[in-house]
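Peer 1: Handing over model_15.txt, compact mmCIF, C-alpha atoms and all ligand atoms.
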# COMPACT_ATOMS: atom_id res chain seq x y z
CA MET A 1 0.00 0.00 0.00
CA LYS A 2 1.33 3.49 -0.88
CA LYS A 3 2.40 5.51 2.19
CA HIS A 4 0.18 8.56 2.80
CA ILE A 5 2.18 11.79 2.41
CA TYR A 6 0.81 13.21 5.70
CA ARG A 7 1.43 10.04 7.76
CA PRO A 8 4.27 10.59 10.24
CA ILE A 9 6.62 7.80 11.19
CA GLU A 10 6.68 6.90 14.89
CA ALA A 11 9.63 8.04 16.97
CA LEU A 12 10.76 7.84 20.60
CA LEU A 13 12.03 10.85 22.51
CA GLU A 14 15.15 9.36 24.12
CA ARG A 15 16.64 12.32 25.98
CA VAL A 16 16.30 16.06 26.42
CA ILE A 17 19.36 18.30 26.81
CA ASP A 18 18.90 21.72 28.44
CA GLU A 19 20.72 24.36 26.38
CA THR A 20 19.46 27.72 27.72
CA PRO A 21 16.42 28.75 29.78
CA ASN A 22 14.22 28.60 26.62
CA ILE A 23 16.10 26.22 24.28
CA LYS A 24 16.40 22.42 24.55
CA THR A 25 17.88 19.74 22.30
CA PHE A 26 15.68 16.69 21.72
CA VAL A 27 17.39 13.35 20.98
CA ILE A 28 14.89 11.36 18.93
CA LYS A 29 14.98 7.74 17.74
CA PRO A 30 12.84 7.16 14.63
CA LEU A 31 11.26 3.68 14.74
CA GLU A 32 11.54 3.32 10.93
CA PRO A 33 14.57 4.09 8.71
CA PHE A 34 14.92 7.87 8.43
CA SER A 35 17.57 10.07 6.84
CA PHE A 36 17.94 13.71 5.81
CA LYS A 37 20.40 16.01 4.06
CA THR A 38 21.92 18.90 6.01
CA GLY A 39 19.64 21.96 5.77
CA GLN A 40 16.44 20.02 5.09
CA PHE A 41 13.64 20.25 7.66
CA VAL A 42 11.13 17.86 9.24
CA GLU A 43 7.64 18.30 10.65
CA LEU A 44 7.76 17.11 14.27
CA VAL A 45 4.40 15.78 15.44
CA VAL A 46 3.37 15.97 19.10
CA PRO A 47 0.44 13.50 19.41
CA GLY A 48 -2.79 15.23 20.39
CA VAL A 49 -1.19 18.69 20.19
CA GLY A 50 -0.02 19.48 16.67
CA GLU A 51 3.10 19.72 14.53
CA ALA A 52 5.76 22.28 13.65
CA PRO A 53 8.75 22.48 11.26
CA PHE A 54 12.33 22.15 12.57
CA THR A 55 15.73 21.58 10.98
CA PRO A 56 17.74 18.76 12.59
CA SER A 57 20.94 19.90 14.35
CA SER A 58 22.70 16.51 14.26
CA SER A 59 24.97 15.06 11.59
CA PRO A 60 23.09 13.59 8.61
CA LEU A 61 25.71 10.82 8.67
CA LYS A 62 24.17 9.50 11.92
CA THR A 63 20.91 7.84 10.90
CA ASP A 64 19.88 5.90 14.04
CA LYS A 65 18.97 9.06 16.01
CA ILE A 66 18.36 12.66 15.10
CA GLU A 67 18.78 15.70 17.32
CA ILE A 68 16.61 18.79 17.04
CA THR A 69 17.28 21.98 18.99
CA ILE A 70 14.09 23.86 19.75
CA MET A 71 13.27 27.27 21.20
CA LYS A 72 10.08 27.60 23.25
CA ALA A 73 7.87 29.84 21.10
CA GLY A 74 4.21 28.85 21.41
CA PHE A 75 1.68 26.02 21.44
CA VAL A 76 3.64 23.03 20.07
CA THR A 77 7.06 24.03 21.39
CA ASP A 78 5.66 24.68 24.91
CA ARG A 79 4.38 21.09 25.02
CA LEU A 80 7.66 19.77 23.58
CA HIS A 81 9.60 21.56 26.33
CA ALA A 82 7.44 19.77 28.94
CA MET A 83 8.16 16.31 27.45
CA LYS A 84 10.44 13.72 29.05
CA GLY A 85 12.53 10.85 27.67
CA GLY A 86 10.39 7.81 26.78
CA GLU A 87 7.46 9.75 25.30
CA LYS A 88 6.25 9.18 21.72
CA LEU A 89 6.55 11.63 18.82
CA GLY A 90 5.99 11.52 15.07
CA ILE A 91 8.16 12.77 12.21
CA ARG A 92 7.16 13.73 8.66
CA GLY A 93 9.72 14.50 6.02
CA PRO A 94 12.47 15.31 5.32
CA TYR A 95 11.39 18.24 3.20
CA GLY A 96 12.96 21.04 1.17
CA THR A 97 16.37 21.94 -0.14
CA SER A 98 19.74 21.22 1.51
CA TYR A 99 23.11 23.00 1.65
CA PRO A 100 25.06 22.22 -1.56
CA VAL A 101 28.12 21.03 0.40
CA GLU A 102 29.99 19.67 -2.64
CA SER A 103 29.92 23.11 -4.30
CA PHE A 104 31.86 24.43 -1.25
CA HIS A 105 34.83 22.09 -1.98
CA GLY A 106 38.06 24.07 -2.42
CA LYS A 107 36.52 27.17 -0.82
CA GLU A 108 36.47 28.88 2.55
CA VAL A 109 33.14 28.43 4.35
CA LEU A 110 31.86 31.16 6.64
CA ILE A 111 29.08 29.93 8.95
CA LEU A 112 27.19 32.81 10.50
CA GLY A 113 24.62 31.92 13.15
CA GLY A 114 22.34 33.86 15.47
CA GLY A 115 20.63 32.38 18.56
CA VAL A 116 18.88 29.06 17.92
CA GLY A 117 19.84 29.57 14.24
CA LEU A 118 23.07 27.76 15.13
CA ALA A 119 21.01 24.52 15.18
CA PRO A 120 20.84 23.79 11.41
CA LEU A 121 24.38 25.16 11.10
CA ARG A 122 25.64 22.59 13.65
CA SER A 123 24.40 19.90 11.27
CA LEU A 124 26.30 21.62 8.45
CA LEU A 125 29.40 21.98 10.63
CA TYR A 126 29.41 18.23 11.41
CA THR A 127 29.10 17.54 7.67
CA LEU A 128 32.03 19.85 6.81
CA LEU A 129 34.20 18.49 9.65
CA SER A 130 33.64 14.91 8.43
CA ASP A 131 35.64 15.86 5.29
CA VAL A 132 37.56 18.91 6.56
CA SER A 133 40.46 18.67 4.05
CA LYS A 134 38.02 19.53 1.22
CA PHE A 135 37.69 23.14 2.49
CA THR A 136 40.40 25.81 2.63
CA LYS A 137 39.12 27.10 5.95
CA ILE A 138 35.93 26.95 8.04
CA ILE A 139 34.94 29.97 10.13
CA LEU A 140 32.11 29.71 12.66
CA ALA A 141 30.84 33.15 13.72
CA TYR A 142 28.09 32.91 16.32
CA GLY A 143 26.10 35.61 18.10
CA SER A 144 23.63 35.33 20.96
CA LYS A 145 21.84 37.80 23.25
CA THR A 146 23.86 37.14 26.44
CA PRO A 147 26.41 34.49 27.56
CA GLY A 148 23.46 32.63 29.15
CA ASP A 149 21.81 32.27 25.72
CA VAL A 150 24.74 30.45 24.05
CA VAL A 151 23.67 26.99 22.79
CA TYR A 152 26.04 23.97 22.72
CA LYS A 153 28.35 25.55 25.38
CA TYR A 154 29.65 22.04 26.19
CA LEU A 155 30.79 21.53 22.55
CA PHE A 156 32.83 24.72 22.09
CA PRO A 157 35.96 23.45 23.97
CA GLU A 158 36.14 20.49 21.54
CA TRP A 159 35.40 22.68 18.46
CA ASN A 160 38.09 25.16 19.60
CA LYS A 161 40.69 22.38 19.30
CA THR A 162 39.62 21.37 15.76
CA ARG A 163 42.26 22.03 13.09
CA GLY A 164 40.93 24.08 10.15
CA LEU A 165 38.08 25.59 12.20
CA GLU A 166 38.22 29.18 13.46
CA ILE A 167 35.55 30.26 15.99
CA LEU A 168 34.39 33.78 16.77
CA LYS A 169 31.62 34.56 19.26
CA SER A 170 29.69 37.65 20.25
CA VAL A 171 26.92 38.62 22.64
CA ASP A 172 24.65 41.65 22.28
CA VAL A 173 25.13 42.45 25.97
CA CYS A 174 27.15 40.94 28.81
CA PRO A 175 25.67 41.42 32.30
CA VAL A 176 28.38 42.46 34.82
CA ASP A 177 28.07 39.21 36.81
CA MET A 178 28.71 36.96 33.77
CA ASP A 179 32.06 35.75 32.35
CA TRP A 180 32.58 36.23 28.60
CA GLU A 181 35.74 35.87 26.53
CA GLY A 182 34.20 36.80 23.13
CA GLU A 183 33.15 40.09 21.55
CA VAL A 184 30.32 42.32 22.77
CA GLY A 185 28.19 43.61 19.89
CA LEU A 186 25.77 42.39 17.22
CA VAL A 187 26.87 39.25 15.35
CA THR A 188 27.75 41.35 12.27
CA CYS A 189 30.69 42.83 14.27
CA LEU A 190 32.38 39.42 13.88
CA LEU A 191 32.57 39.96 10.11
CA ASP A 192 35.08 42.76 10.79
CA LYS A 193 37.25 40.34 12.84
CA ALA A 194 37.08 37.23 10.64
CA LYS A 195 39.73 36.80 7.93
CA PHE A 196 38.31 35.52 4.64
CA ASP A 197 38.48 36.27 0.94
CA PRO A 198 34.92 37.17 -0.19
CA GLN A 199 35.74 35.99 -3.75
CA LYS A 200 36.61 32.49 -2.50
CA THR A 201 34.13 32.06 0.35
CA ALA A 202 30.63 30.58 0.66
CA ALA A 203 28.71 32.30 3.48
CA VAL A 204 25.93 30.35 5.17
CA VAL A 205 23.59 32.38 7.38
CA CYS A 206 20.82 31.28 9.78
CA GLY A 207 19.13 33.22 12.54
CA PRO A 208 16.21 35.52 13.22
CA PRO A 209 14.94 37.46 10.16
CA VAL A 210 16.47 40.79 11.28
CA MET A 211 19.87 39.14 11.80
CA MET A 212 19.73 37.51 8.35
CA LYS A 213 18.80 40.84 6.76
CA PHE A 214 21.65 42.86 8.28
CA SER A 215 24.16 40.01 7.87
CA THR A 216 23.30 39.75 4.16
CA MET A 217 23.65 43.52 3.70
CA LYS A 218 27.04 43.44 5.43
CA LEU A 219 28.27 40.47 3.35
CA ILE A 220 27.26 42.29 0.15
CA SER A 221 29.10 45.44 1.33
CA LEU A 222 32.19 43.26 1.97
CA GLY A 223 32.15 42.09 -1.65
CA PHE A 224 30.30 38.75 -1.52
CA ASP A 225 28.47 37.66 -4.67
CA PRO A 226 24.73 37.09 -3.90
CA LYS A 227 25.22 33.60 -5.42
CA ASP A 228 27.66 32.77 -2.57
CA ILE A 229 25.31 33.76 0.28
CA TYR A 230 23.15 30.84 1.47
CA LEU A 231 20.16 31.69 3.65
CA SER A 232 18.01 29.31 5.67
CA MET A 233 14.58 30.95 5.48
CA GLU A 234 11.76 30.47 7.96
CA ALA A 235 8.02 30.85 7.54
CA ASN A 236 4.73 30.09 9.17
CA MET A 237 4.20 26.64 7.62
CA SER A 238 1.31 24.24 7.52
CA CYS A 239 1.52 21.36 5.02
CA GLY A 240 5.31 21.47 4.46
CA LEU A 241 4.59 20.02 1.02
CA GLY A 242 3.97 22.97 -1.30
CA LYS A 243 0.19 22.54 -1.21
CA CYS A 244 -1.34 25.11 1.19
CA GLY A 245 0.48 28.35 0.26
CA HIS A 246 1.14 29.38 3.92
CA CYS A 247 4.86 29.76 3.41
CA GLN A 248 4.90 31.81 0.20
CA ILE A 249 7.46 34.60 -0.40
CA GLY A 250 7.41 36.14 -3.85
CA GLU A 251 6.98 33.30 -6.34
CA TYR A 252 8.48 30.69 -3.96
CA PHE A 253 7.09 28.30 -1.37
CA ILE A 254 9.74 28.11 1.38
CA CYS A 255 8.82 24.49 2.18
CA LYS A 256 9.34 23.28 -1.39
CA ASP A 257 11.74 25.74 -3.05
CA GLY A 258 13.67 26.33 0.22
CA PRO A 259 14.34 26.55 3.13
CA VAL A 260 17.89 26.97 1.74
CA PHE A 261 18.05 29.74 -0.87
CA THR A 262 20.95 31.79 -2.24
CA TYR A 263 20.42 35.52 -1.78
CA ASP A 264 20.69 35.73 -5.57
CA LYS A 265 17.32 33.92 -5.84
CA LEU A 266 15.59 36.21 -3.32
CA LYS A 267 17.10 39.65 -3.92
CA HIS A 268 14.37 40.78 -6.34
CA ILE A 269 11.69 40.25 -3.65
CA GLY A 270 11.03 43.58 -1.85
CA ASP A 271 12.04 42.42 1.63
CA PRO A 272 12.40 38.63 1.78
CA PHE A 273 13.22 38.81 5.52
CA VAL A 274 9.88 40.14 6.87
C1 LIG B 1 12.14 25.36 7.87
C2 LIG B 1 12.03 25.75 9.32
C3 LIG B 1 12.98 25.27 10.21
C4 LIG B 1 12.90 25.65 11.57
N1 LIG B 1 13.83 25.13 12.42
C5 LIG B 1 13.77 25.44 13.72
C6 LIG B 1 14.72 24.90 14.65
O1 LIG B 1 15.62 24.14 14.28
N2 LIG B 1 14.59 25.25 15.94
C7 LIG B 1 13.59 26.10 16.39
O2 LIG B 1 13.53 26.38 17.59
N3 LIG B 1 12.69 26.63 15.53
C8 LIG B 1 12.75 26.32 14.23
N4 LIG B 1 11.81 26.83 13.38
C9 LIG B 1 10.75 27.69 13.92
C10 LIG B 1 9.64 26.82 14.49
O3 LIG B 1 9.00 26.14 13.42
C11 LIG B 1 8.58 27.66 15.25
O4 LIG B 1 9.18 28.25 16.38
C12 LIG B 1 7.44 26.76 15.67
O5 LIG B 1 6.67 26.45 14.53
C13 LIG B 1 6.58 27.43 16.68
O6 LIG B 1 5.49 26.56 16.91
P1 LIG B 1 4.53 26.71 18.16
O7 LIG B 1 3.29 25.94 17.86
O8 LIG B 1 5.25 26.36 19.41
O9 LIG B 1 4.29 28.24 18.20
P2 LIG B 1 2.97 29.07 17.79
O10 LIG B 1 1.92 28.85 18.81
O11 LIG B 1 2.63 28.79 16.37
O12 LIG B 1 3.55 30.53 17.94
C14 LIG B 1 4.92 30.89 17.72
C15 LIG B 1 5.09 32.39 17.74
O13 LIG B 1 4.85 32.86 16.44
C16 LIG B 1 3.76 33.74 16.45
N5 LIG B 1 3.00 33.45 15.25
C17 LIG B 1 2.29 32.33 14.99
N6 LIG B 1 1.73 32.43 13.77
C18 LIG B 1 2.10 33.64 13.27
C19 LIG B 1 1.83 34.33 12.06
N7 LIG B 1 1.06 33.83 11.12
N8 LIG B 1 2.40 35.57 11.89
C20 LIG B 1 3.19 36.10 12.84
N9 LIG B 1 3.48 35.48 14.00
C21 LIG B 1 2.92 34.29 14.22
C22 LIG B 1 2.99 33.47 17.71
O14 LIG B 1 2.27 34.61 18.11
C23 LIG B 1 4.10 33.12 18.65
O15 LIG B 1 4.73 34.27 19.16
C24 LIG B 1 11.86 26.50 12.02
C25 LIG B 1 10.92 26.99 11.11
C26 LIG B 1 11.00 26.62 9.78
C27 LIG B 1 9.98 27.13 8.82
S1 LIG B 2 3.73 25.02 4.11
FE1 LIG B 2 2.10 24.60 2.72
S2 LIG B 2 2.84 25.39 0.85
FE2 LIG B 2 4.54 25.57 2.19
Can the structure in the file be given as structure tokens, please?
Ligand SMILES: Cc1cc2nc3c(=O)[nH]c(=O)nc-3n(C[C@H](O)[C@H](O)[C@H](O)COP(=O)(O)OP(=O)(O)OC[C@H]3O[C@@H](n4cnc5c(N)ncnc54)[C@H](O)[C@@H]3O)c2cc1C
Ligand code: FES

Peer 2:
Amino acid sequence: MKKHIYRPIEALLERVIDETPNIKTFVIKPLEPFSFKTGQFVELVVPGVGEAPFTPSSSPLKTDKIEITIMKAGFVTDRLHAMKGGEKLGIRGPYGTSYPVESFHGKEVLILGGGVGLAPLRSLLYTLLSDVSKFTKIILAYGSKTPGDVVYKYLFPEWNKTRGLEILKSVDVCPVDMDWEGEVGLVTCLLDKAKFDPQKTAAVVCGPPVMMKFSTMKLISLGFDPKDIYLSMEANMSCGLGKCGHCQIGEYFICKDGPVFTYDKLKHIGDPFV
């Protein structure tokens, strides 16, 4: 019998990792074979509550479990944040476009993340690090609101030791009682510190719409070609399958034509970041 496109596969929530006061990482074991490409998203189904789109933050090379890092934002995510290991979930997908990792071979890759936007970029980072010699350099530039809002704190010591990976961090503000060894300022300030050649670099950006807008403007002013700026777009989605029209920007459906777009594809749309 043909599988129904809206039928989720069953999955078990194995473990929940606290990241920040409003962000948690969910370690999920799909009970049927499941794989995705870095940058693609899934619809996570909370039985009896609803579903919402998320981009896995784990390596696509690990297929037995997937990790998804989720910020508490409303109805579905509130319930997810109350869930414990052992509870059941559903997964639909994967859907949408992925990062064209092979086209980055021989280039520098600048990963620019804001807040929970580091989640899909962590999946990309794992993919790049699995074949690190293929890239001239990898720069991870990450901004969050305060030191308390940094996700994956426990992974940075290991990433700092990785050959070929340069890490820059910023916070918008640092309260006086908090330790911070990075920059203080909006994430775009890191673009003045990072050393890259815009002609030979692919920039991959993910974060809140305002961060993506100002980061894109800054990258253009630094000499990046719009074809080399990869954006992970978000939208209020429903079907995730290009059928309902909820996620439309310009002539595109983000769920089907994205979520990964080059800025070149979007730049004719008045303000693609609203
Ligand atoms: C491709 C994709 C990947 C994503 N990946 C991640 C991820 O990895 N991690 C993550 O944390 N989030 C991710 N998101 C965002 C995530 O999907 C939303 O935070 C989630 O859907 C919120 O669901 P909810 O039911 O908890 O919130 P809701 O109850 O739907 O509300 C969320 C917030 O949005 C507002 N809102 C709802 N509908 C609208 C609307 N039509 N217009 C304006 N505001 C509205 C609400 O008022 C509320 O403040 C992703 C989104 C997309 C499209
Ligand atoms: S979410 Fe329905 S068309 Fe994109």

Peer 1: Quick one: contact table of chain A to ligand LIG 1 (chain B), 7 Å max, nearest atom pair and distance in Å to one decimal per residue, counting all atoms listed in the file, chain and number order, as JSON lines?

Peer 2:
{"residue": "A:Phe41", "atom": "CA", "partner": "B:LIG1", "partner_atom": "C1", "distance": 5.3}
{"residue": "A:Ala52", "atom": "CA", "partner": "B:LIG1", "partner_atom": "O5", "distance": 4.4}
{"residue": "A:Pro53", "atom": "CA", "partner": "B:LIG1", "partner_atom": "O3", "distance": 4.3}
{"residue": "A:Phe54", "atom": "CA", "partner": "B:LIG1", "partner_atom": "N1", "distance": 3.3}
{"residue": "A:Thr55", "atom": "CA", "partner": "B:LIG1", "partner_atom": "O1", "distance": 4.2}
{"residue": "A:Pro56", "atom": "CA", "partner": "B:LIG1", "partner_atom": "O1", "distance": 6.0}
{"residue": "A:Ser57", "atom": "CA", "partner": "B:LIG1", "partner_atom": "O1", "distance": 6.8}
{"residue": "A:Ile68", "atom": "CA", "partner": "B:LIG1", "partner_atom": "O1", "distance": 6.1}
{"residue": "A:Thr69", "atom": "CA", "partner": "B:LIG1", "partner_atom": "N2", "distance": 5.2}
{"residue": "A:Ile70", "atom": "CA", "partner": "B:LIG1", "partner_atom": "O2", "distance": 3.4}
{"residue": "A:Met71", "atom": "CA", "partner": "B:LIG1", "partner_atom": "O2", "distance": 3.7}
{"residue": "A:Lys72", "atom": "CA", "partner": "B:LIG1", "partner_atom": "O8", "distance": 6.3}
{"residue": "A:Ala73", "atom": "CA", "partner": "B:LIG1", "partner_atom": "C14", "distance": 4.6}
{"residue": "A:Gly74", "atom": "CA", "partner": "B:LIG1", "partner_atom": "O9", "distance": 3.3}
{"residue": "A:Phe75", "atom": "CA", "partner": "B:LIG1", "partner_atom": "O10", "distance": 3.9}
{"residue": "A:Val76", "atom": "CA", "partner": "B:LIG1", "partner_atom": "O7", "distance": 3.7}
{"residue": "A:Thr77", "atom": "CA", "partner": "B:LIG1", "partner_atom": "O8", "distance": 3.6}
{"residue": "A:Asp78", "atom": "CA", "partner": "B:LIG1", "partner_atom": "O8", "distance": 5.8}
{"residue": "A:Val116", "atom": "CA", "partner": "B:LIG1", "partner_atom": "O2", "distance": 6.0}
{"residue": "A:Gly117", "atom": "CA", "partner": "B:LIG1", "partner_atom": "O1", "distance": 6.9}
{"residue": "A:Ala119", "atom": "CA", "partner": "B:LIG1", "partner_atom": "O1", "distance": 5.5}
{"residue": "A:Pro120", "atom": "CA", "partner": "B:LIG1", "partner_atom": "O1", "distance": 6.0}
{"residue": "A:Met233", "atom": "CA", "partner": "B:LIG1", "partner_atom": "C1", "distance": 6.6}
{"residue": "A:Glu234", "atom": "CA", "partner": "B:LIG1", "partner_atom": "C27", "distance": 3.9}
{"residue": "A:Ala235", "atom": "CA", "partner": "B:LIG1", "partner_atom": "C27", "distance": 4.4}
{"residue": "A:Asn236", "atom": "CA", "partner": "B:LIG1", "partner_atom": "N7", "distance": 5.6}
{"residue": "A:Met237", "atom": "CA", "partner": "B:LIG1", "partner_atom": "C27", "distance": 5.9}
{"residue": "A:Cys255", "atom": "CA", "partner": "B:LIG1", "partner_atom": "C1", "distance": 6.6}
{"residue": "A:Pro259", "atom": "CA", "partner": "B:LIG1", "partner_atom": "C1", "distance": 5.4}

Peer 1: Which of these residues is nearest to A:Val132, using only C-alpha atoms: A:Gly207, A:Pro157, A:Gly106, A:Gly164?

Peer 2: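 Closest to A:Val132, using only C-alpha atoms: A:Gly164.
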
Peer 1: Show me, as a VMD selection string, the residues that have an atom within 12 Å of A:Leu44 when counting all atoms listed in the file, minus same-chain residues fewer than 3 positions from it.

Peer 2: chain A and resid 6 to 13 26 28 30 41 47 49 to 56 66 to 70 76 to 77 79 to 80 88 to 95 238 to 240

Peer 1: Choose the residue, out of A:Asp225, A:Glu43, A:Asp131, A:Asp177, that has the smallest atom-to-atom separation from ligand LIG 2 (chain B); count only C-alpha atoms and all ligand atoms.

Peer 2: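 The shortest atom-to-atom distance to ligand LIG 2 (chain B) comes from A:Glu43.
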
Peer 1: So how many Å separate atom CA of A:Leu190 and atom CA of A:Pro175, to one decimal?

Peer 2: 19.7 Å

Peer 1: Work out how far atom CA of A:Pro100 is from atom CA of A:Lys134, in Å to one decimal.

Peer 2: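 The value is 13.5 Å.
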
Peer 1: Let me have the centre and edge lengths of the axis-aligned box enclosing all listed atoms of ligand LIG 2 (chain B) with 4 Å padding on every side, in Å to one decimal, as AutoDock Vina command-line options.

Peer 2:
--center_x 3.3 --center_y 25.1 --center_z 2.5 --size_x 10.4 --size_y 9.0 --size_z 11.3

Peer 1: Atom CA of A:Asp264 and atom CA of A:Ser123 are how many Å apart?

Peer 2: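 Separation between atom CA of A:Asp264 and atom CA of A:Ser123: 23.4 Å.
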
Peer 1: For A:Lys213, which residue out of A:Pro60, A:Pro272, A:Gly148, A:Gly143 is the nearest one, using all atoms listed in the file?

Peer 2: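 Of all the options, A:Pro272 lies closest to A:Lys213.
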
Peer 1: Calculated over only C-alpha atoms, which of the candidates A:Lys145, A:His105, A:Lys218, A:Lys195 has the smallest distance to A:Ser133?

Peer 2: A:His105

Peer 1: Which residues are close to stretch 242-244 of chain A, i.e. within 10 Å by only C-alpha atoms, leaving aside same-chain residues fewer than 6 positions away? Reply as a list in words.

Peer 2: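 Those residues are Tyr95, Gly96, Tyr252, Phe253, Ile254, Cys255, Lys256 and Asp257 of chain A.
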